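Asker: Submitted below is the structure of interest, expressed as structure tokens.
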Amino acid sequence: MANLNGTTSDLRTEFLKVYSVLKSELLNDPAFEWTDGSRQWVERMLDYNVPGGKLNRGLSVVDSYKLLKEGKDLTEEEVFLASALGWCIEWLQAYFLVLDDIMDGSHTRRGQPCWFRVPKNSQEALQNKALLCGSAGLFNEVEFQTASGQMIDLITTIEGEKDLSKYSLPLHRRIVQYKTAYYSFYIPVACALLMAGEDLEKHTSVKDVLIDMGIYFQVQDDYLDCFGEPEKIGKIGTDIEDFKCSWLVVKALEHCNEEQKKILFEHYGKADPADVAKIKALYNDINLQGVFAEYESKSYERLTKSIEAHPSKAVQAVLKSFLGKIYKRQK
């Protein structure tokens with residue numbers, strides 16, 4: 001195992017090696033009684049969906065554990081165990097993304113066609129994939145929370161189609177807290193804390209900061225879905241067409257005058273490009289880009305203050321590392 005005092009690319013390379021080990025163990029486990037065809041299909045499915053992203057969640061387990069060790073070198077076993085936990089999160093992420101893409105009818109993910117849009121991937125295969133990736137469900141609590149968030153998101157969208165005015169910041173926060181914040185931010189640090197022998201019950205303030213950070217991250221995602229460049233973010237945003245309870249539409253409801261609200265109610269949630277263009281033009285008219293810039297600045301200040309209030313410098317370093325990775329991100 002390479003020395004993790006090296007570069008970020010060294011860490012990523014070593015992390016990917018652990019993926020290969022875990023995948024090999026799965027594909028060669030006699031308990032599954034694979035046929036050659038099923039083994040090849042599972043390998044192709046895993047390689048297409050699991051390791052292709054930025055790997056931030058998984059790598060954060062290793063990064064966080066290293067920071068908690070306060071400069072001490074990690075043993076090969078510690079690196080492997082932290083990486084394995086990281087891959088459990090990435091596996092869970094793949095599971096959620098495939099299901100999310102199916103529910104949203106998305107076209108691209110990570111710069112390539114969504115898995116269910118690849119020819120020869122039948123609905124049965126998709127369901128098998130979801131179940132298989134769900135084997136990362138040793139994180140049952142977070143899997144339940146995220147699934148609950150997706151359910152709230154789906155139900156909210158159905159209700160919103162009847163009455164857009166039901167969309168609000170508290171509702172957006174509830175969806176995001178469960179759908180994104182727990183598994184994207186809390187779980188990587190919780191894994192590192194447990195590896196370091198810490199009691200999670202004594203770190204509720206850390207959890208609160210990470211959930212808050214996760215909500216800020218999702219607001220960024222909502223913003224980039226509309227204003228980001230598809231070639232940078234790796235997907236074509238569809239929140240407007242899908243009638244999503246996005247931070248942007250909630251803020252639009254706050255800032256629109258009565259005439260502008262009529263445009264919003266008439267055109268939001270329509271798949272026609274002309275309707276989408278009118279919503280984006282409205283967002284520009286009420287300067288949602290400026291509203292977001294102010295939100296981002298205030299969020300950074302608030303999070304930094306909360307982090308610096310923590311008594312442990314090592315924990316502060318972990319939290320600042322997370323915040324530094326997402327502040328003013330473009331993808």
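We name chains A, B, ... following the order of the structure tokens; residues begin at 1 in each chain, and ligands are numbered from 1 as shown.
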Residues of region 216-258 of chain A classed as helix (DSSP H, G or I) by DSSP on the backbone are to be reported as an NGL selection string.
Answerer: :A and (216-227 or 230-233 or 247-255 or 258)
Asker: For region 49-54 of chain A, work out the shell of residues within 10 Å, counting only C-alpha atoms and skipping chain neighbours fewer than 2 positions away, then give it as an mmCIF file with N, CA and C atoms, in the first residue's frame.
Answerer:
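Once written, out_6.cif looks like this:
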```cif
data_model
loop_
_atom_site.group_PDB
_atom_site.id
_atom_site.type_symbol
_atom_site.label_atom_id
_atom_site.label_comp_id
_atom_site.auth_asym_id
_atom_site.auth_seq_id
_atom_site.Cartn_x
_atom_site.Cartn_y
_atom_site.Cartn_z
ATOM 1 N N ARG A 12 -6.165 8.461 -4.425
ATOM 2 C CA ARG A 12 -7.215 7.973 -5.314
ATOM 3 C C ARG A 12 -6.805 6.640 -5.964
ATOM 4 N N LEU A 16 -8.790 3.143 -5.463
ATOM 5 C CA LEU A 16 -9.331 2.354 -6.578
ATOM 6 C C LEU A 16 -8.825 0.908 -6.538
ATOM 7 N N TYR A 19 -11.117 -1.031 -4.430
ATOM 8 C CA TYR A 19 -12.340 -1.370 -5.166
ATOM 9 C C TYR A 19 -12.132 -2.668 -5.955
ATOM 10 N N SER A 20 -10.992 -2.770 -6.620
ATOM 11 C CA SER A 20 -10.702 -3.972 -7.415
ATOM 12 C C SER A 20 -10.660 -5.217 -6.540
ATOM 13 N N ARG A 44 -19.691 -5.736 -15.278
ATOM 14 C CA ARG A 44 -19.924 -4.589 -16.165
ATOM 15 C C ARG A 44 -20.809 -3.545 -15.478
ATOM 16 N N MET A 45 -21.839 -4.018 -14.797
ATOM 17 C CA MET A 45 -22.757 -3.131 -14.093
ATOM 18 C C MET A 45 -22.048 -2.360 -12.976
ATOM 19 N N LEU A 46 -21.210 -3.064 -12.203
ATOM 20 C CA LEU A 46 -20.480 -2.401 -11.120
ATOM 21 C C LEU A 46 -19.514 -1.362 -11.669
ATOM 22 N N ASP A 47 -18.735 -1.733 -12.676
ATOM 23 C CA ASP A 47 -17.742 -0.811 -13.232
ATOM 24 C C ASP A 47 -18.401 0.413 -13.862
ATOM 25 N N ASN A 56 -15.747 11.481 -3.785
ATOM 26 C CA ASN A 56 -15.529 12.333 -2.617
ATOM 27 C C ASN A 56 -15.995 11.693 -1.318
ATOM 28 N N ARG A 57 -17.148 11.027 -1.366
ATOM 29 C CA ARG A 57 -17.692 10.449 -0.127
ATOM 30 C C ARG A 57 -16.776 9.352 0.405
ATOM 31 N N GLY A 58 -16.368 8.444 -0.485
ATOM 32 C CA GLY A 58 -15.506 7.349 -0.052
ATOM 33 C C GLY A 58 -14.132 7.805 0.388
ATOM 34 N N LEU A 59 -13.524 8.679 -0.413
ATOM 35 C CA LEU A 59 -12.194 9.194 -0.063
ATOM 36 C C LEU A 59 -12.222 9.980 1.241
ATOM 37 N N TRP A 87 -15.788 2.547 0.266
ATOM 38 C CA TRP A 87 -16.437 1.916 -0.883
ATOM 39 C C TRP A 87 -17.856 1.478 -0.550
ATOM 40 N N ILE A 89 -19.869 3.281 1.119
ATOM 41 C CA ILE A 89 -20.628 4.508 0.871
ATOM 42 C C ILE A 89 -20.789 4.741 -0.628
ATOM 43 N N GLU A 90 -19.715 4.517 -1.398
ATOM 44 C CA GLU A 90 -19.804 4.697 -2.850
ATOM 45 C C GLU A 90 -20.771 3.690 -3.470
ATOM 46 N N TRP A 91 -20.810 2.474 -2.928
ATOM 47 C CA TRP A 91 -21.732 1.445 -3.403
ATOM 48 C C TRP A 91 -23.167 1.917 -3.155
ATOM 49 N N LEU A 92 -23.384 2.440 -1.939
ATOM 50 C CA LEU A 92 -24.701 2.952 -1.575
ATOM 51 C C LEU A 92 -25.083 4.121 -2.475
ATOM 52 N N GLN A 93 -24.119 4.986 -2.766
ATOM 53 C CA GLN A 93 -24.343 6.126 -3.658
ATOM 54 C C GLN A 93 -24.789 5.664 -5.039
ATOM 55 N N ALA A 94 -24.133 4.635 -5.568
ATOM 56 C CA ALA A 94 -24.501 4.114 -6.890
ATOM 57 C C ALA A 94 -25.931 3.595 -6.887
ATOM 58 N N TYR A 95 -26.273 2.910 -5.836
ATOM 59 C CA TYR A 95 -27.637 2.368 -5.670
ATOM 60 C C TYR A 95 -28.671 3.482 -5.718
ATOM 61 N N LEU A 97 -28.311 6.587 -6.894
ATOM 62 C CA LEU A 97 -28.308 7.330 -8.150
ATOM 63 C C LEU A 97 -29.060 6.600 -9.258
ATOM 64 N N VAL A 98 -28.873 5.280 -9.336
ATOM 65 C CA VAL A 98 -29.591 4.512 -10.363
ATOM 66 C C VAL A 98 -31.100 4.621 -10.142
ATOM 67 N N ARG A 109 -25.657 10.773 -16.650
ATOM 68 C CA ARG A 109 -25.121 10.752 -15.289
ATOM 69 C C ARG A 109 -23.616 10.587 -15.406
ATOM 70 N N ARG A 110 -22.874 11.485 -14.786
ATOM 71 C CA ARG A 110 -21.413 11.431 -14.812
ATOM 72 C C ARG A 110 -20.873 11.425 -16.247
ATOM 73 N N GLY A 111 -21.533 12.215 -17.104
ATOM 74 C CA GLY A 111 -21.047 12.392 -18.461
ATOM 75 C C GLY A 111 -21.310 11.235 -19.410
ATOM 76 N N GLN A 112 -22.159 10.284 -19.007
ATOM 77 C CA GLN A 112 -22.486 9.151 -19.880
ATOM 78 C C GLN A 112 -23.972 8.833 -19.718
ATOM 79 N N CYS A 114 -27.410 7.336 -18.583
ATOM 80 C CA CYS A 114 -27.812 6.636 -17.366
ATOM 81 C C CYS A 114 -27.852 5.134 -17.646
ATOM 82 N N TRP A 115 -27.559 4.340 -16.626
ATOM 83 C CA TRP A 115 -27.478 2.889 -16.797
ATOM 84 C C TRP A 115 -28.739 2.306 -17.429
ATOM 85 N N LYS A 129 -29.874 -4.811 -10.249
ATOM 86 C CA LYS A 129 -28.766 -3.901 -9.949
ATOM 87 C C LYS A 129 -29.031 -3.141 -8.660
ATOM 88 N N CYS A 133 -26.551 -3.464 -5.484
ATOM 89 C CA CYS A 133 -25.839 -2.324 -4.902
ATOM 90 C C CYS A 133 -26.334 -2.045 -3.490
ATOM 91 N N GLY A 234 -21.590 17.077 -15.482
ATOM 92 C CA GLY A 234 -21.711 15.680 -15.885
ATOM 93 C C GLY A 234 -23.133 15.200 -16.114
ATOM 94 N N LYS A 331 -18.991 22.016 -9.884
ATOM 95 C CA LYS A 331 -19.496 20.726 -10.380
ATOM 96 C C LYS A 331 -19.788 19.791 -9.223
#
```
Asker: Determine, counting only C-alpha atoms, which protein, DNA and RNA residues have an atom within 12 Å of an atom of region 251-267 of chain A; residues of the same chain fewer than 5 positions away are not included. Present the result as a PyMOL selection string.
Answerer: chain A and resi 160-170+172+219+222-223+240-243+245-246+272-292+295
Asker: Residues of the last selection are to be written out with N, CA and C atoms, as a CSV table (one decimal), in the first residue's frame.
Answerer:
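result-v7.csv, written as the output of this step:
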```csv
chain,number,residue,atom,x,y,z
A,160,GLY,N,-47.0,18.9,-5.3
A,160,GLY,CA,-46.6,20.2,-5.9
A,160,GLY,C,-47.2,20.5,-7.3
A,161,GLU,N,-47.4,19.4,-8.0
A,161,GLU,CA,-48.0,19.5,-9.3
A,161,GLU,C,-49.4,20.0,-9.2
A,162,LYS,N,-50.1,19.8,-8.1
A,162,LYS,CA,-51.4,20.2,-7.8
A,162,LYS,C,-51.4,21.7,-7.3
A,163,ASP,N,-50.4,22.0,-6.5
A,163,ASP,CA,-50.3,23.3,-5.9
A,163,ASP,C,-48.9,23.7,-5.6
A,164,LEU,N,-48.3,24.5,-6.5
A,164,LEU,CA,-46.8,24.8,-6.4
A,164,LEU,C,-46.6,25.7,-5.1
A,165,SER,N,-47.6,26.4,-4.6
A,165,SER,CA,-47.4,27.2,-3.5
A,165,SER,C,-47.1,26.4,-2.2
A,166,LYS,N,-47.2,25.1,-2.3
A,166,LYS,CA,-46.9,24.2,-1.1
A,166,LYS,C,-45.4,24.1,-0.9
A,167,TYR,N,-44.6,24.4,-1.9
A,167,TYR,CA,-43.2,24.3,-1.8
A,167,TYR,C,-42.6,25.4,-0.9
A,168,SER,N,-41.8,25.0,0.1
A,168,SER,CA,-41.3,26.0,1.1
A,168,SER,C,-39.9,25.6,1.5
A,169,LEU,N,-39.2,26.5,2.2
A,169,LEU,CA,-37.8,26.2,2.6
A,169,LEU,C,-37.8,25.1,3.7
A,170,PRO,N,-38.7,25.0,4.7
A,170,PRO,CA,-38.7,23.9,5.6
A,170,PRO,C,-38.9,22.6,4.9
A,172,HIS,N,-38.2,21.9,1.8
A,172,HIS,CA,-36.9,21.6,1.0
A,172,HIS,C,-35.9,21.1,2.0
A,219,VAL,N,-28.2,22.7,-2.0
A,219,VAL,CA,-28.6,24.0,-2.6
A,219,VAL,C,-27.7,24.3,-3.7
A,222,ASP,N,-28.9,22.3,-6.6
A,222,ASP,CA,-30.1,22.8,-7.2
A,222,ASP,C,-29.7,24.0,-8.1
A,223,TYR,N,-28.8,24.8,-7.6
A,223,TYR,CA,-28.3,26.0,-8.4
A,223,TYR,C,-27.6,25.5,-9.7
A,240,ILE,N,-36.5,21.7,-13.4
A,240,ILE,CA,-37.6,22.5,-13.8
A,240,ILE,C,-38.6,21.6,-14.4
A,241,GLU,N,-38.2,20.8,-15.4
A,241,GLU,CA,-39.1,19.9,-16.1
A,241,GLU,C,-39.8,18.9,-15.1
A,242,ASP,N,-39.1,18.5,-14.1
A,242,ASP,CA,-39.5,17.4,-13.2
A,242,ASP,C,-40.4,17.9,-12.0
A,243,PHE,N,-40.6,19.3,-12.0
A,243,PHE,CA,-41.4,19.9,-11.0
A,243,PHE,C,-40.8,19.7,-9.6
A,245,CYS,N,-39.0,20.2,-6.0
A,245,CYS,CA,-39.0,21.2,-4.9
A,245,CYS,C,-37.6,21.7,-4.7
A,246,SER,N,-37.1,22.4,-5.7
A,246,SER,CA,-35.8,22.9,-5.7
A,246,SER,C,-35.7,24.2,-4.9
A,272,ASP,N,-41.6,21.1,-22.3
A,272,ASP,CA,-41.3,21.8,-23.5
A,272,ASP,C,-40.2,22.8,-23.2
A,273,PRO,N,-39.1,22.8,-24.1
A,273,PRO,CA,-38.0,23.7,-23.9
A,273,PRO,C,-38.4,25.2,-23.8
A,274,ALA,N,-39.5,25.5,-24.5
A,274,ALA,CA,-39.9,26.9,-24.4
A,274,ALA,C,-40.4,27.3,-23.0
A,275,ASP,N,-41.1,26.3,-22.3
A,275,ASP,CA,-41.5,26.6,-21.0
A,275,ASP,C,-40.3,26.7,-20.0
A,276,VAL,N,-39.3,25.8,-20.2
A,276,VAL,CA,-38.1,25.8,-19.4
A,276,VAL,C,-37.4,27.1,-19.6
A,277,ALA,N,-37.3,27.6,-20.8
A,277,ALA,CA,-36.6,28.9,-21.1
A,277,ALA,C,-37.3,30.0,-20.4
A,278,LYS,N,-38.6,30.0,-20.3
A,278,LYS,CA,-39.3,31.1,-19.6
A,278,LYS,C,-39.1,31.1,-18.1
A,279,ILE,N,-39.0,29.9,-17.6
A,279,ILE,CA,-38.6,29.8,-16.1
A,279,ILE,C,-37.2,30.3,-15.9
A,280,LYS,N,-36.3,29.9,-16.7
A,280,LYS,CA,-34.9,30.4,-16.6
A,280,LYS,C,-34.8,31.9,-16.8
A,281,ALA,N,-35.6,32.4,-17.7
A,281,ALA,CA,-35.6,33.9,-17.9
A,281,ALA,C,-36.1,34.6,-16.7
A,282,LEU,N,-37.2,34.0,-16.1
A,282,LEU,CA,-37.7,34.5,-14.8
A,282,LEU,C,-36.7,34.5,-13.7
A,283,TYR,N,-36.0,33.4,-13.6
A,283,TYR,CA,-34.9,33.3,-12.5
A,283,TYR,C,-33.9,34.4,-12.7
A,284,ASN,N,-33.6,34.7,-14.0
A,284,ASN,CA,-32.6,35.8,-14.2
A,284,ASN,C,-33.2,37.2,-13.9
A,285,ASP,N,-34.5,37.3,-14.2
A,285,ASP,CA,-35.2,38.6,-13.9
A,285,ASP,C,-35.2,39.0,-12.4
A,286,ILE,N,-35.4,37.9,-11.6
A,286,ILE,CA,-35.4,38.2,-10.1
A,286,ILE,C,-34.0,38.0,-9.5
A,287,ASN,N,-33.0,37.8,-10.3
A,287,ASN,CA,-31.6,37.7,-9.9
A,287,ASN,C,-31.4,36.6,-8.9
A,288,LEU,N,-31.8,35.4,-9.2
A,288,LEU,CA,-31.6,34.3,-8.3
A,288,LEU,C,-30.1,34.0,-8.2
A,289,GLN,N,-29.3,34.3,-9.2
A,289,GLN,CA,-27.9,34.1,-9.1
A,289,GLN,C,-27.3,35.0,-7.9
A,290,GLY,N,-27.8,36.2,-7.8
A,290,GLY,CA,-27.3,37.0,-6.7
A,290,GLY,C,-27.8,36.6,-5.4
A,291,VAL,N,-29.1,36.1,-5.4
A,291,VAL,CA,-29.6,35.5,-4.1
A,291,VAL,C,-28.8,34.3,-3.7
A,292,PHE,N,-28.4,33.5,-4.6
A,292,PHE,CA,-27.6,32.3,-4.3
A,292,PHE,C,-26.2,32.7,-3.8
A,295,TYR,N,-26.5,33.7,-0.2
A,295,TYR,CA,-26.7,32.5,0.6
A,295,TYR,C,-25.4,31.8,0.8
```
Asker: So how far away is CA of Leu303 (chain A) from CA of Val209 (chain A), in Å?
Answerer: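 We find that CA of Val209 (chain A) and CA of Leu303 (chain A) lie 6.9 Å from each other.
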Asker: Just the residues within 8 Å of Gln177 (chain A), please, counting only C-alpha atoms, with nothing from its chain fewer than 6 positions along; format it as an MDAnalysis selection string.
Answerer: chainID A and resid 149 211 214:215
Asker: With only C-alpha atoms as the counted atoms, please give the residues lying no more than 10 Å from Pro188 (chain A), apart from itself and same-chain residues fewer than 5 positions off, as a PyMOL selection string.
Answerer: chain A and resi 56-65+82+85-86+88-89+182-183+193
Asker: Hey, which of A:Asp208, A:Lys313, A:Ile155, A:Val142 ends up closest to Tyr178 (chain A)? Count only C-alpha atoms.
Answerer: A:Val142
Asker: Could you name the residues that touch Gln218 (chain A) at 10 Å or less, counting only C-alpha atoms, but leaving out those on the same chain fewer than 6 positions away, as JSON, numbers by chain?
Answerer: {"A": [172, 173, 176, 177, 179, 180, 181, 224, 246, 247]}
Asker: Which residues are close to Lys320 (chain A), i.e. within 10 Å by only C-alpha atoms, leaving aside same-chain residues fewer than 4 positions away? Reply as a short mmCIF file (atom, residue, chain, number, x, y, z; two decimals) with C-alpha atoms, in the first residue's frame.
Answerer:
```cif
data_model
loop_
_atom_site.label_atom_id
_atom_site.label_comp_id
_atom_site.auth_asym_id
_atom_site.auth_seq_id
_atom_site.Cartn_x
_atom_site.Cartn_y
_atom_site.Cartn_z
CA LEU A 303 -20.41 26.92 9.07
CA THR A 304 -16.90 28.24 9.72
CA ILE A 307 -16.58 24.46 13.14
CA GLU A 308 -14.20 26.73 15.05
CA ALA A 314 -8.46 17.32 14.77
CA VAL A 315 -12.24 17.34 14.34
CA GLN A 316 -12.04 20.97 13.20
CA GLY A 324 -13.05 23.49 1.64
CA LYS A 325 -13.94 20.84 -0.93
#
```
Asker: Using only C-alpha atoms, can you tell me which of A:Cys191, A:Asn28, A:Lys244, A:Lys270 comes closest to Thr156 (chain A)?
Answerer: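 Among the listed residues, the smallest separation from Thr156 (chain A) belongs to A:Lys244.
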Asker: Please compute the CA of Glu198 (chain A)-CA of Leu11 (chain A) distance, one decimal, in Å.
Answerer: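 If I compute the distance from CA of Glu198 (chain A) to CA of Leu11 (chain A), I get 24.1 Å.
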Asker: Pick out the closest residue to Lys298 (chain A) from this set: A:Asp100, A:Tyr216, A:Arg117, A:Phe322. Count only C-alpha atoms.
Answerer: A:Tyr216
Asker: Looking at A:Val42, A:Ile152, A:Ala84, A:Leu171, which one is nearest to Leu22 (chain A), with distances taken over only C-alpha atoms?
Answerer: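 Closest residue, counting only C-alpha atoms: A:Ala84.
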Asker: Which residue, A:Ala31, A:Pro230, A:Ala317, A:Ser38, has the smallest gap to Val189 (chain A) when you use only C-alpha atoms?
Answerer: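 Smallest distance to Val189 (chain A) is found for A:Ala317.
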Asker: Separation of CA of Thr108 (chain A) and CA of Lys235 (chain A), in Å?
Answerer: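 Those two atoms sit 5.1 Å apart.
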